[in-house]
Amino acid sequence: MKKKEEYLVRIGLLAVGILFVLAGCAQNQSPVGPTDSPDETYLRAFVDDNSELFTYDYLDGSGEVADGGGDPAMSKLLAEIDPVVFWREITHRTKNIDISIYQDSLMDYAEVTITTTLQGLFHTVTMEVDYTKDIDDTAVRYAYLERSGSEQVGRRYGGWELKAISGWEIVSNPCTKVIHSVQVTSSSGSIDTTITDVSSLWNLEDLFVLDPGDSVTFTVDTGNPDDLVFLHAPHFFRHPFRHIGGGVFQGTWVTAADPPHPARPRHATIDVIDHGTVFDDLMPYDSRAWGMSCFVGPGPVMN
């Protein structure tokens, strides 16, 4: 894992202006949208064409709340409502791609920031009532690309190649939840890593590559034993973690024994939900999630 600053001479955001063409008062003309340079167009196309890598989706099928975190049904916090199931309903999704391009005598390089807003409803259902709370989430992910050589005509995406990518963080508004660290270990011994900054860039060759049928254990430190902690991963709509003490939670995911070919990016997302979000109808939706990309079988080829 390497920090973004190891790759960048400086960090900057390229402001994309929106031009409005105004004629006389009697005319009604539409605004002209943002105009990208050819390189920005290539980079946006790369993000769009590799949606499986850059997606923020995590499956959230309804599940019994008694399965959550540290047995929340027995929490010392008094439940104001008695829920049976809960789930998220995302109704609006907006993606924004910010691009900063730099050049030197050897190569061109770019930092890409993908910010997605997710809006919808959080449903908590009792035997009689479907309580809803507004969801206003922001998800952020970073990518670093390089291009060498001066002749780019005919090269896919204008010669831009992905070199590093971060995990993603999804934060609610408001948010009080904290993830101090996520330790990831595999039964095969191929992975033993602790993540403390999900926004750090990973070299492409350092992304998690898991063996088929591997057992992967996630140990999550939130510092709060009353949190509800879940894993979203392939074949898991929402897998509850167990509280092992001191605000630390643990869960395991077993990868597919026969993964698809060629290898596709898979996603594992740690989802921390506040106790009051589920058990108190007066408390707001409050959540923080960390996600990471991984491959089962062969490693990534993203050029």
# chains A, B, ... in the order shown; residues from 1 in each chain; ligands from 1
>>> residues_around(residues="Asp136 of chain A", least_positions_apart="2", cutoff="9 Å", atoms="only C-alpha atoms", output="list in words")
Thr117, Leu118, Gln119, Gly120, Leu121, Asp134, Thr138, Val171, Ser172, Asn173, Pro174 and Tyr285 of chain A
>>> residues_around(residues="segment 36-48 of chain A", least_positions_apart="3", cutoff="10 Å", atoms="only C-alpha atoms", output="PyMOL selection string")
chain A and resi 16-17+33+51-55+96-101+110-112+114+143+145+156-162+302-303
>>> select_by_dssp(residues="segment 99-287 of chain A", states="strand (DSSP E)", output="PyMOL selection string")
chain A and resi 99-103+107-125+130-148+161-172+181-186+192-195+201-203+208-210+215-221+228-233+236-240+242-245+248-254+266-273+287
>>> closest_residue(among="A:Val248, A:Val178, A:Met292, A:Ala139", to="Leu207 of chain A", atoms="only C-alpha atoms")
A:Met292
>>> closest_residue(among="A:Ile81, A:Ile170, A:Gly189, A:Ser200", to="Gly276 of chain A", atoms="only C-alpha atoms")
A:Ile81
>>> atom_distance(atom1="atom CA of Trp290 of chain A", atom2="atom CA of Gln183 of chain A")
12.1 Å
>>> atom_distance(atom1="atom CA of Arg88 of chain A", atom2="atom CA of His123 of chain A")
6.2 Å
>>> closest_residue(among="A:His180, A:Pro83, A:Thr193, A:Glu169", to="His275 of chain A", atoms="only C-alpha atoms")
A:Pro83
